[in-house]
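Participant: Sharing target11.txt below, compact mmCIF, C-alpha atoms:
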# COMPACT_ATOMS: atom_id res chain seq x y z
CA MET T 919 12.18 -8.30 -84.74
CA ASP T 920 11.72 -6.05 -81.70
CA ALA T 921 12.20 -2.39 -80.76
CA LYS T 922 15.95 -2.79 -80.25
CA ASP T 923 16.41 -4.04 -83.82
CA ILE T 924 14.45 -1.10 -85.20
CA LEU T 925 16.51 1.43 -83.22
CA GLY T 926 19.74 -0.38 -83.99
CA LEU T 927 20.64 -0.99 -80.39
CA PRO T 928 22.54 -4.02 -79.19
CA LYS T 929 20.51 -6.48 -77.30
CA ASN T 930 22.92 -6.52 -74.31
CA SER T 931 23.16 -2.74 -73.97
CA PHE T 932 22.60 -2.81 -70.17
CA PRO T 933 25.48 -4.06 -68.07
CA PRO T 934 24.77 -7.33 -66.34
CA GLN T 935 23.87 -7.00 -62.66
CA ASP T 936 25.09 -9.41 -60.05
CA LYS T 937 22.22 -11.22 -58.37
CA LYS T 938 22.19 -11.01 -54.61
CA SER T 939 22.70 -14.34 -53.04
CA ARG T 940 19.92 -15.25 -50.63
CA PRO T 941 20.85 -16.95 -47.38
CA PRO T 942 19.91 -20.60 -47.40
CA LYS T 943 16.73 -21.42 -45.53
CA GLU T 944 16.96 -23.61 -42.51
CA SER T 945 14.93 -26.72 -43.17
CA HIS T 946 12.83 -27.95 -40.27
CA ARG T 947 11.70 -31.49 -40.39
CA LYS T 948 8.02 -32.02 -39.49
CA PRO T 949 7.77 -34.05 -36.30
CA ASP T 950 5.92 -37.31 -36.34
CA GLY T 951 2.35 -37.51 -35.10
CA ILE T 952 1.29 -34.03 -36.31
CA SER T 953 -0.38 -33.03 -39.57
CA ARG T 954 1.22 -30.66 -42.06
CA GLU T 955 -1.50 -27.99 -41.65
CA VAL T 956 -1.19 -27.88 -37.86
CA TYR T 957 2.60 -27.76 -38.12
CA ALA T 958 2.33 -24.80 -40.52
CA LEU T 959 0.16 -22.92 -38.00
CA THR T 960 2.80 -23.29 -35.31
CA GLY T 961 5.35 -21.49 -37.49
CA GLY T 962 7.73 -24.42 -37.49
CA LEU T 963 8.19 -24.36 -33.72
CA ALA T 964 7.41 -27.40 -31.69
CA PRO T 965 4.96 -26.85 -28.77
CA LEU T 966 6.40 -26.66 -25.30
CA MET T 967 3.84 -29.11 -23.92
CA PRO T 968 2.60 -32.20 -25.76
CA ALA T 969 -0.84 -31.74 -27.27
CA LEU T 970 -1.89 -35.34 -26.59
CA ASP T 971 -1.08 -37.70 -23.83
CA SER T 972 0.89 -40.69 -24.97
CA SER T 973 -1.54 -42.98 -23.18
CA GLN T 974 -4.35 -41.79 -25.48
CA LEU T 975 -2.51 -42.70 -28.64
CA LYS T 976 -3.08 -45.99 -30.32
CA LYS T 977 -0.50 -48.44 -29.14
CA LYS T 978 1.25 -50.62 -31.61
CA PRO T 979 0.84 -54.34 -31.04
CA PRO T 980 3.88 -56.21 -29.78
CA SER T 981 6.11 -57.64 -32.43
CA ASP T 982 5.63 -61.21 -31.20
CA GLU T 983 1.81 -61.09 -31.70
CA LYS T 984 0.27 -61.99 -35.01
CA VAL T 985 -3.18 -60.47 -35.40
CA ALA T 986 -5.64 -61.66 -38.01
CA TRP T 987 -9.36 -61.29 -38.66
CA GLN T 988 -11.39 -64.40 -39.36
CA TRP T 989 -15.03 -65.07 -40.33
CA LEU T 990 -16.27 -67.27 -37.49
CA GLY T 991 -19.66 -68.42 -36.26
CA PHE T 992 -21.18 -67.77 -32.82
CA THR T 993 -24.31 -68.31 -30.71
CA SER T 994 -25.88 -65.96 -28.18
CA SER T 995 -27.32 -66.91 -24.82
CA ALA T 996 -29.86 -64.12 -25.25
CA ARG T 997 -31.70 -66.20 -27.84
CA LYS T 998 -33.67 -69.32 -27.03
CA ASP T 999 -33.68 -70.80 -30.53
CA ASN T 1000 -29.89 -71.48 -30.71
CA LEU T 1001 -29.52 -69.41 -33.86
CA HIS T 1002 -26.06 -69.78 -35.44
CA LEU T 1003 -24.66 -66.54 -36.89
CA TYR T 1004 -21.30 -65.39 -38.29
CA HIS T 1005 -19.17 -62.27 -37.81
CA TRP T 1006 -15.56 -61.10 -38.11
CA VAL T 1007 -13.45 -61.91 -35.07
CA ARG T 1008 -10.00 -60.63 -34.13
CA VAL T 1009 -7.72 -63.66 -33.73
CA VAL T 1010 -4.36 -63.32 -31.98
CA ASN T 1011 -1.67 -65.90 -32.77
CA GLY T 1012 -4.24 -68.16 -34.38
CA VAL T 1013 -6.28 -68.67 -31.16
CA PRO T 1014 -9.98 -67.73 -31.63
CA PRO T 1015 -11.84 -66.15 -28.66
CA THR T 1016 -14.01 -68.38 -26.51
CA GLY T 1017 -17.02 -67.74 -24.33
CA ASP T 1018 -20.44 -66.23 -24.77
CA TYR T 1019 -21.31 -63.51 -27.25
CA SER T 1020 -19.93 -60.21 -25.97
CA PHE T 1021 -23.23 -58.34 -26.38
CA ALA T 1022 -25.35 -60.98 -24.64
CA LYS T 1023 -24.73 -59.27 -21.27
CA TYR T 1024 -26.93 -56.34 -22.34
CA ASN T 1025 -29.98 -58.58 -22.66
CA ARG T 1026 -31.79 -57.77 -19.41
CA SER T 1027 -35.28 -58.98 -18.59
CA VAL T 1028 -37.71 -58.10 -15.80
CA ASP T 1029 -38.62 -60.78 -13.27
CA ILE T 1030 -42.40 -60.97 -13.46
CA THR T 1031 -44.14 -62.49 -10.46
CA LYS T 1032 -46.15 -65.65 -11.15
CA TYR T 1033 -49.24 -66.71 -9.22
CA THR T 1034 -51.37 -69.86 -8.98
CA ASN T 1035 -55.12 -70.26 -9.15
CA GLU T 1036 -55.35 -70.76 -5.39
CA GLU T 1037 -53.40 -67.55 -4.72
CA TYR T 1038 -55.58 -65.64 -7.13
CA GLU T 1039 -58.79 -66.80 -5.52
CA LYS T 1040 -57.44 -66.08 -2.04
CA TYR T 1041 -55.52 -62.78 -2.42
CA LEU T 1042 -55.97 -61.25 -5.91
CA THR T 1043 -59.69 -61.10 -6.61
CA ASP T 1044 -60.98 -57.73 -7.79
CA PRO T 1045 -64.52 -56.98 -9.02
CA ARG T 1046 -63.17 -54.64 -11.70
CA TRP T 1047 -60.83 -57.28 -13.17
CA THR T 1048 -61.37 -60.84 -14.32
CA LYS T 1049 -58.81 -63.62 -14.12
CA GLU T 1050 -58.46 -63.74 -17.93
CA GLU T 1051 -57.64 -60.01 -18.11
CA THR T 1052 -55.14 -60.36 -15.28
CA ASP T 1053 -53.45 -63.29 -17.02
CA GLN T 1054 -53.24 -61.33 -20.28
CA LEU T 1055 -51.82 -58.33 -18.45
CA PHE T 1056 -49.01 -60.33 -16.81
CA GLU T 1057 -48.26 -62.11 -20.08
CA LEU T 1058 -47.86 -58.79 -21.90
CA CYS T 1059 -45.77 -57.37 -19.02
CA GLU T 1060 -43.37 -60.26 -19.37
CA ARG T 1061 -43.27 -59.96 -23.14
CA PHE T 1062 -42.69 -56.20 -23.35
CA ASP T 1063 -40.66 -55.70 -20.10
CA LEU T 1064 -43.21 -53.46 -18.30
CA ARG T 1065 -43.45 -50.98 -21.19
CA PHE T 1066 -46.97 -49.98 -20.25
CA ILE T 1067 -47.49 -47.72 -23.27
CA VAL T 1068 -46.96 -50.71 -25.58
CA ILE T 1069 -48.95 -52.96 -23.26
CA ALA T 1070 -51.93 -50.58 -23.33
CA ASP T 1071 -51.75 -50.57 -27.12
CA ARG T 1072 -51.74 -54.39 -27.30
CA PHE T 1073 -54.25 -55.00 -24.52
CA PRO T 1074 -57.52 -56.40 -25.92
CA SER T 1075 -59.92 -54.38 -23.76
CA SER T 1076 -59.99 -50.59 -23.41
CA ARG T 1077 -57.87 -49.93 -20.32
CA THR T 1078 -55.84 -46.84 -19.56
CA VAL T 1079 -52.15 -46.93 -18.73
CA GLU T 1080 -52.85 -45.95 -15.12
CA GLU T 1081 -55.36 -48.77 -14.69
CA LEU T 1082 -52.88 -51.32 -16.04
CA LYS T 1083 -50.15 -50.01 -13.71
CA GLU T 1084 -52.44 -50.06 -10.72
CA ARG T 1085 -53.55 -53.67 -11.36
CA TYR T 1086 -50.02 -54.97 -11.94
CA TYR T 1087 -48.43 -53.28 -8.89
CA SER T 1088 -51.35 -54.13 -6.59
CA VAL T 1089 -51.14 -57.82 -7.55
CA SER T 1090 -47.36 -57.87 -7.11
CA ARG T 1091 -47.63 -56.15 -3.71
CA ALA T 1092 -50.36 -58.53 -2.49
CA LEU T 1093 -48.32 -61.58 -3.54
CA LEU T 1094 -45.20 -60.21 -1.83
CA ILE T 1095 -47.06 -59.62 1.45
CA ALA T 1096 -48.81 -63.01 1.30
CA ARG T 1097 -45.62 -64.97 0.63
CA ASN T 1098 -43.67 -63.20 3.41
CA PRO T 1099 -45.57 -63.40 6.69
CA SER T 1100 -42.89 -61.38 8.51
CA PRO T 1101 -43.46 -57.68 7.72
CA VAL T 1102 -39.93 -56.77 8.88
CA ASP T 1103 -38.33 -58.62 5.98
CA ILE T 1104 -40.28 -56.75 3.31
CA ALA T 1105 -40.56 -53.35 5.01
CA SER T 1106 -37.78 -51.87 2.85
CA HIS T 1107 -39.09 -53.33 -0.44
CA PRO T 1108 -40.10 -50.62 -2.97
CA LEU T 1109 -43.53 -52.18 -3.57
CA VAL T 1110 -44.33 -52.01 0.15
CA LYS T 1111 -42.49 -48.83 1.03
CA GLU T 1112 -43.77 -46.74 -1.87
CA PRO T 1113 -46.99 -48.19 -3.34
CA TYR T 1114 -48.30 -46.96 -6.67
CA ASN T 1115 -50.56 -43.89 -6.39
CA VAL T 1116 -52.95 -43.40 -9.31
CA SER T 1117 -54.04 -39.86 -8.41
CA HIS T 1118 -50.45 -38.70 -8.04
CA ASP T 1119 -49.53 -40.16 -11.44
CA LEU T 1120 -52.50 -38.43 -13.10
CA GLU T 1121 -51.62 -35.12 -11.48
CA ARG T 1122 -48.00 -35.51 -12.58
CA LYS T 1123 -49.02 -36.09 -16.20
CA ARG T 1124 -51.44 -33.16 -16.11
CA ALA T 1125 -48.75 -30.85 -14.76
CA MET T 1126 -46.30 -32.13 -17.37
CA SER T 1127 -48.76 -31.44 -20.17
CA LEU T 1128 -49.30 -27.90 -18.85
CA VAL T 1129 -45.56 -27.26 -18.77
CA LEU T 1130 -45.06 -28.62 -22.29
CA SER T 1131 -47.94 -26.55 -23.68
CA GLN T 1132 -46.68 -23.23 -22.30
CA THR T 1133 -45.75 -20.40 -24.63
CA ARG T 1134 -42.51 -18.46 -24.53
CA GLN T 1135 -44.18 -15.51 -22.78
CA GLN T 1136 -45.55 -17.78 -20.05
CA GLU T 1137 -42.12 -19.32 -19.53
CA GLN T 1138 -40.55 -15.86 -19.20
CA ARG T 1139 -43.26 -14.87 -16.69
CA ASP T 1140 -42.59 -18.01 -14.65
CA GLU T 1141 -38.87 -17.27 -14.69
CA GLU T 1142 -39.53 -13.73 -13.44
CA VAL T 1143 -41.73 -15.07 -10.64
CA LEU T 1144 -39.06 -17.57 -9.61
CA ALA T 1145 -36.37 -14.87 -9.67
CA GLU T 1146 -38.55 -12.58 -7.52
CA ALA T 1147 -39.21 -15.42 -5.07
CA LYS T 1148 -35.48 -16.12 -4.88
CA ARG T 1149 -34.77 -12.44 -4.22
CA ILE T 1150 -37.38 -12.31 -1.44
CA ALA T 1151 -35.95 -15.45 0.15
CA GLN T 1152 -32.44 -14.00 0.08
CA SER T 1153 -33.64 -10.70 1.58
CA ARG T 1154 -35.40 -12.59 4.37
CA ILE T 1155 -32.27 -14.60 5.08
CA SER T 1156 -30.12 -11.45 5.19
CA ALA T 1157 -32.66 -9.74 7.49
CA LYS T 1158 -32.64 -12.76 9.77
CA VAL T 1159 -28.84 -12.79 9.89
CA SER T 1160 -28.71 -9.07 10.72
CA GLN T 1161 -31.37 -9.55 13.42
CA GLU T 1162 -29.36 -12.38 14.95
CA ALA T 1163 -26.26 -10.17 14.90
CA GLU T 1164 -28.18 -7.39 16.70
CA MET T 1165 -29.42 -9.90 19.26
CA ALA T 1166 -25.86 -11.08 19.86
CA VAL T 1167 -24.65 -7.47 20.33
CA ALA T 1168 -27.53 -6.78 22.69
CA SER T 1169 -26.82 -9.92 24.74
CA ASN T 1170 -23.13 -8.97 24.99
CA ALA T 1171 -24.11 -5.50 26.16
CA GLY T 1172 -26.43 -7.04 28.75
CA VAL T 1173 -23.59 -9.17 30.10
CA GLU T 1174 -21.38 -6.10 30.39
CA VAL T 1175 -24.14 -4.25 32.25
CA THR T 1176 -24.46 -7.13 34.70
CA GLU T 1177 -20.71 -7.18 35.29
CA ARG T 1178 -20.64 -3.43 35.96
CA THR T 1179 -23.51 -3.82 38.40
CA ILE T 1180 -21.58 -6.46 40.31
CA GLN T 1181 -18.50 -4.21 40.43
CA GLY T 1182 -20.57 -1.49 42.15
CA GLU T 1183 -21.51 1.00 39.47
CA THR T 1184 -24.73 2.96 39.87
CA VAL T 1185 -27.24 1.21 37.66
CA SER T 1186 -30.99 0.90 38.08
CA PRO T 1187 -31.92 -2.44 36.49
CA LEU T 1188 -35.42 -3.73 36.51
CA PRO T 1189 -36.15 -6.74 38.71
CA SER T 1190 -36.05 -10.10 36.97
CA ASN T 1191 -39.64 -10.94 37.89
CA ALA T 1192 -41.02 -7.59 36.73
CA GLN T 1193 -42.95 -7.32 33.53
CA HIS T 1194 -41.29 -5.18 30.90
CA PRO T 1195 -43.83 -2.67 29.64
CA SER T 1196 -43.98 -2.37 25.90
CA ILE T 1197 -42.84 0.94 24.46
CA PRO T 1198 -45.60 2.85 22.68
CA VAL T 1199 -44.35 2.77 19.10
CA PRO T 1200 -46.39 4.69 16.50
CA SER T 1201 -47.55 2.90 13.38
CA SER T 1202 -45.45 5.16 11.15
CA MET T 1203 -42.18 4.29 12.88
CA SER T 1204 -39.61 2.78 10.54
CA THR T 1205 -38.28 -0.74 10.78
CA GLU T 1206 -34.85 0.56 11.87
CA ASN T 1207 -36.34 2.23 14.93
CA ALA T 1208 -38.39 -0.87 15.73
CA SER T 1209 -35.31 -3.09 15.59
CA THR T 1210 -33.39 -0.60 17.75
CA LEU T 1211 -36.14 -0.52 20.36
CA ALA T 1212 -36.28 -4.31 20.32
CA SER T 1213 -32.55 -4.53 20.98
CA LEU T 1214 -32.82 -1.92 23.74
CA ARG T 1215 -35.71 -3.81 25.32
CA ILE T 1216 -33.39 -6.80 25.70
CA LEU T 1217 -30.77 -4.63 27.47
CA ARG T 1218 -33.31 -3.83 30.25
CA VAL T 1219 -31.19 -0.81 31.27
CA TYR T 1220 -30.34 2.34 29.29
CA LEU T 1221 -26.93 3.75 30.11
CA ARG T 1222 -25.04 6.80 28.87
CA THR T 1223 -22.52 4.62 27.08
CA TYR T 1224 -22.03 3.26 23.58
CA ALA T 1225 -25.54 1.74 23.73
CA LEU T 1226 -27.08 5.23 23.52
CA GLU T 1227 -24.70 6.14 20.69
CA GLN T 1228 -25.76 3.02 18.80
CA MET T 1229 -29.40 3.93 19.36
CA LEU T 1230 -28.94 7.40 17.83
CA GLN T 1231 -26.85 6.05 14.94
CA ALA T 1232 -29.49 3.44 14.13
CA ALA T 1233 -32.23 6.10 14.21
CA SER T 1234 -30.39 8.25 11.62
CA SER T 1235 -28.64 5.52 9.60
CA THR T 1236 -30.66 6.22 6.45
CA ALA T 1237 -29.89 9.98 6.42
CA GLY T 1238 -26.78 11.74 5.18
CA LEU T 1239 -24.25 13.71 7.21
CA ARG T 1240 -25.70 17.11 6.26
CA THR T 1241 -29.22 15.95 7.11
CA ILE T 1242 -28.05 14.72 10.53
CA LYS T 1243 -26.45 18.11 11.21
CA ARG T 1244 -29.69 19.85 10.25
CA VAL T 1245 -31.62 17.58 12.58
CA GLU T 1246 -29.24 18.42 15.43
CA GLN T 1247 -29.51 22.13 14.62
CA THR T 1248 -33.31 21.86 14.74
CA LEU T 1249 -33.09 20.12 18.11
CA GLN T 1250 -30.92 22.93 19.43
CA ASP T 1251 -33.35 25.53 18.10
CA LEU T 1252 -36.17 23.73 19.90
CA GLY T 1253 -34.15 23.65 23.11
CA VAL T 1254 -33.86 19.85 23.17
CA ASN T 1255 -30.66 18.09 24.16
CA LEU T 1256 -28.92 16.01 21.51
CA LYS T 1257 -28.92 13.10 23.94
CA PRO T 1258 -31.53 12.45 26.63
CA ARG T 1259 -30.33 13.38 30.10
CA VAL T 1260 -32.42 10.66 31.71
CA PRO T 1261 -32.32 7.82 29.15
CA THR T 1262 -35.27 5.76 30.27
CA LYS T 1263 -37.37 3.68 27.92
CA SER T 1264 -40.14 6.22 27.48
CA VAL T 1265 -37.71 9.17 27.13
CA CYS T 1266 -35.61 7.35 24.52
CA ALA T 1267 -38.73 6.32 22.60
CA GLU T 1268 -39.98 9.94 22.52
CA HIS T 1269 -36.52 11.19 21.54
CA LEU T 1270 -36.36 8.76 18.61
CA GLU T 1271 -39.84 9.71 17.52
CA LEU T 1272 -38.93 13.42 17.64
CA ARG T 1273 -35.83 12.82 15.52
CA LYS T 1274 -37.93 10.86 13.03
CA GLU T 1275 -40.54 13.66 12.78
CA ILE T 1276 -37.82 16.30 12.29
CA LEU T 1277 -36.27 14.16 9.54
CA THR T 1278 -39.67 13.83 7.86
CA LEU T 1279 -40.18 17.62 8.12
CA LEU T 1280 -36.81 18.31 6.48
CA ASN T 1281 -37.58 15.91 3.68
CA LEU T 1282 -40.96 17.57 3.08
CA GLN T 1283 -39.31 21.02 3.01
CA LYS T 1284 -36.81 19.78 0.46
CA GLN T 1285 -39.57 18.35 -1.71
CA LEU T 1286 -41.50 21.64 -1.44
CA GLN T 1287 -38.45 23.58 -2.60
CA TYR T 1288 -38.06 21.25 -5.57
CA LYS T 1289 -41.72 21.66 -6.53
CA GLU T 1290 -41.57 25.47 -6.21
CA ALA T 1291 -38.43 25.57 -8.36
CA GLU T 1292 -40.17 23.46 -10.99
CA GLY T 1293 -43.31 25.63 -11.03
CA LEU T 1294 -41.49 29.02 -11.04
CA PRO T 1295 -40.89 29.18 -14.84
CA PHE T 1296 -44.56 28.44 -15.50
CA ARG T 1297 -45.74 31.21 -13.14
CA GLU T 1298 -43.35 33.78 -14.63
CA GLY T 1299 -44.29 32.78 -18.17
CA SER T 1300 -47.99 33.42 -17.50
CA TYR T 1301 -47.42 37.12 -16.61
CA THR T 1302 -44.71 38.09 -19.08
CA GLU T 1303 -45.50 38.90 -22.68
CA THR T 1304 -43.31 39.16 -25.72
CA PRO T 1305 -42.30 42.83 -26.31
CA GLY T 1306 -43.91 44.44 -29.32
CA THR T 1307 -46.87 42.03 -29.36
CA PRO T 1308 -50.17 43.93 -29.16
CA LYS T 1309 -52.82 42.75 -26.75
CA HIS T 1310 -56.38 42.32 -27.92
CA PHE T 1311 -59.10 42.44 -25.32
CA HIS T 1312 -62.53 41.37 -26.49
CA HIS T 1313 -65.40 41.86 -24.10
CA GLY T 1314 -68.20 40.34 -26.08
CA LYS T 1315 -68.52 42.04 -29.51
CA GLN T 1316 -68.49 45.70 -28.32
CA ASP T 1317 -65.48 47.84 -29.32
CA ARG T 1318 -63.78 50.15 -26.87
CA ALA T 1319 -64.70 53.84 -27.26
CA PHE T 1320 -61.98 56.11 -28.62
CA VAL T 1321 -60.65 58.78 -26.27
CA PRO T 1322 -58.67 61.51 -28.03
CA ASP T 1323 -55.30 62.38 -26.59
CA PRO T 1324 -54.71 66.15 -26.19
CA SER T 1325 -50.98 65.73 -26.85
CA PHE T 1326 -51.60 63.86 -30.10
CA GLY T 1327 -50.28 66.56 -32.35
CA GLY T 1328 -47.19 67.14 -30.22
CA GLU T 1329 -46.25 63.52 -30.35
CA ARG T 1330 -46.42 63.50 -34.13
CA THR T 1331 -44.24 66.60 -34.25
CA GLY T 1332 -41.72 65.00 -31.91
CA LYS T 1333 -41.55 61.92 -34.08
CA ARG T 1334 -40.88 64.04 -37.13
CA ASP T 1335 -38.09 65.77 -35.30
CA GLN T 1336 -36.58 62.43 -34.38
CA LYS T 1337 -36.63 61.36 -38.02
CA ARG T 1338 -34.72 64.51 -38.99
CA LYS T 1339 -31.97 63.77 -36.51
CA ALA T 1340 -28.83 61.91 -37.44
CA PRO T 1341 -28.81 58.12 -37.06
CA GLY T 1342 -26.00 58.31 -34.54
CA ARG T 1343 -28.10 60.32 -32.09
CA LEU T 1344 -31.07 58.01 -32.19
CA SER T 1345 -29.44 55.76 -29.61
CA GLU T 1346 -29.23 58.69 -27.17
CA ALA T 1347 -32.98 59.30 -27.21
CA PRO T 1348 -34.93 57.51 -24.52
CA SER T 1349 -36.88 54.54 -25.75
CA SER T 1350 -40.61 55.08 -25.92
CA PRO T 1351 -42.68 52.85 -23.69
CA ALA T 1352 -44.37 49.87 -25.26
CA GLN T 1353 -47.94 50.67 -26.21
CA SER T 1354 -50.57 48.04 -26.15
CA LYS T 1355 -52.60 49.65 -28.98
CA ARG T 1356 -51.72 52.43 -31.43
CA PRO T 1357 -54.33 55.26 -31.55
CA ARG T 1358 -56.05 55.56 -34.90
CA LYS T 1359 -55.96 58.78 -36.95
CA LEU T 1360 -58.73 61.31 -36.73
CA LYS T 1361 -60.96 61.78 -39.72
CA ALA T 1362 -63.07 64.75 -40.76
CA SER T 1363 -66.25 62.90 -39.95
CA ASP T 1364 -65.18 62.52 -36.32
CA PHE T 1365 -65.43 66.32 -35.65
With the file now loaded, output its structure as structure tokens.

Facilitator:
Amino acid sequence: MDAKDILGLPKNSFPPQDKKSRPPKESHRKPDGISREVYALTGGLAPLMPALDSSQLKKKPPSDEKVAWQWLGFTSSARKDNLHLYHWVRVVNGVPPTGDYSFAKYNRSVDITKYTNEEYEKYLTDPRWTKEETDQLFELCERFDLRFIVIADRFPSSRTVEELKERYYSVSRALLIARNPSPVDIASHPLVKEPYNVSHDLERKRAMSLVLSQTRQQEQRDEEVLAEAKRIAQSRISAKVSQEAEMAVASNAGVEVTERTIQGETVSPLPSNAQHPSIPVPSSMSTENASTLASLRILRVYLRTYALEQMLQAASSTAGLRTIKRVEQTLQDLGVNLKPRVPTKSVCAEHLELRKEILTLLNLQKQLQYKEAEGLPFREGSYTETPGTPKHFHHGKQDRAFVPDPSFGGERTGKRDQKRKAPGRLSEAPSSPAQSKRPRKLKASDF
């Protein structure tokens, strides 16, 4: 019994509604070779390019081959005891594989040099080593394939790894030289070309231990040093390239000067056998001016051409356009030409030095203006006081003597009159000057 039965309503009181027919979904078949999850991520669309190359896929065996796995025995040439073992082998068409064990090729051994008693007595004697110790060393080297850490652990006497290496390589090198009388045949052999160096090996291990024991802060400091060294090397390379470019420009200009001289232009070159006097360059001259003078020294002749323009541009390359104009204005105020009329070496050097000093003066003036602008608020703040704040002057512990004001009574009367006035007219009255200290009232005892 439900609510409709209680209210007496029919159970099918609402008219039936026609269900909307949904369009049938297009079924996409999942392609072969791709998982269901990956296919769902693609949205049912096949990729334009294949995800895997067909050559990387596992190829199916031909239909005419019958592959089976059998438990077969084998022997390995790496073992000397002819041990017979078993393993699973892939057999095709019932034909088992033949040949040596497939992993026997990885069994590599070191060829240890052998020596006789006569060779030892003739070439290999060493006061620090006996024949028994040398025989034990070579036996362990053959057994452990020159793993000197293991050999040092198994060696009966207390010998370091470096001592064992030195004895083994020195014996091998002596036998190689003794058995080959012609030094040309063994000149390229590693034992002869690069003999073992004990001190170098010890230094290498010490440096390796230092590197491995470094902290993170030391590693960061080393990285910063290496980065700074790299930056310095790059700056030197760039400076060298720019210097070579300036030398090339200077040499080209020298060739042009020579050609103009041949054509008959008025040029006063220095003789080839004359010594070129060095230009007196002050110690404070910048590197740009020094490079410019060096390039001009190569020219041998100063002309009123682009070479002089390049000289002036190089002298003021670090300054801005407004600073250059101020320098030129200062030159005009001093009565100096913007370009030397007689551009000799000494004149050009003095002109460059004058421009440099003017540029330094302008920079100092600018810095002075900045400093004065920074100190102006502090100077003004030391003399100005907040209005209405009384000043207290204490000279020791002695109070200042009171001086009566003859107009004291009049001032009080004027203040009473101002209080009687309307508030609107108070703004018209002139403001009284700020007083540093208000006079105290007179008492009867003061008269």

Participant: Tell me, in Å to one decimal, how far atom CA of Thr1241 of chain T is from atom CA of Leu1286 of chain T.

Facilitator: 16.0 Å

Participant: What's the 10 Å shell around Thr1043 of chain T, counting only C-alpha atoms, without same-chain residues fewer than 5 positions away, as number ranges by chain?

Facilitator: T: 1037-1038, 1048-1049, 1052, 1089

Participant: With all atoms listed in the file as the atoms that count, which of T:Val985, T:Tyr1041, T:Arg954, T:Glu1060 lies nearest to Leu1094 of chain T?

Facilitator: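 Among the listed residues, T:Tyr1041 lies closest to Leu1094 of chain T.
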
Participant: Quick one: everything within 12 Å of Glu1057 of chain T, counting only C-alpha atoms, minus sequence neighbours fewer than 5 positions away in the same chain. Send it as a PyMOL selection string.

Facilitator: chain T and resi 1029-1033+1050-1052+1062-1064+1069+1072-1073+1086

Participant: Identify which of the residues T:Glu1292, T:Leu1144, T:Val1010, T:Glu1080 lies closest to His1118 of chain T, counting all atoms listed in the file when measuring atom-to-atom distances.

Facilitator: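 Among the listed residues, the smallest separation from His1118 of chain T belongs to T:Glu1080.
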
Participant: Expressed in Å to a single decimal, how great is the separation between atom CA of Ser1100 of chain T and atom CA of Glu1039 of chain T?

Facilitator: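 These two atoms are separated by 21.9 Å.
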
Participant: How many Å separate atom CA of Glu1164 of chain T from atom CA of Thr1236 of chain T?

Facilitator: 17.2 Å

Participant: Can you list, as number ranges by chain, every protein, DNA or RNA residue that comes within 12 Å of Tyr1087 of chain T when you count all atoms listed in the file, leaving out same-chain residues fewer than 2 positions away?

Facilitator: T: 1030-1031, 1042, 1052, 1055-1056, 1059, 1064, 1066, 1080-1085, 1089-1094, 1108-1110, 1112-1116

Participant: So which residues touch Tyr1004 of chain T within 12 Å, counting all atoms listed in the file, skipping near sequence neighbours fewer than 4 positions away, as a PyMOL selection string?

Facilitator: chain T and resi 988-994+1019
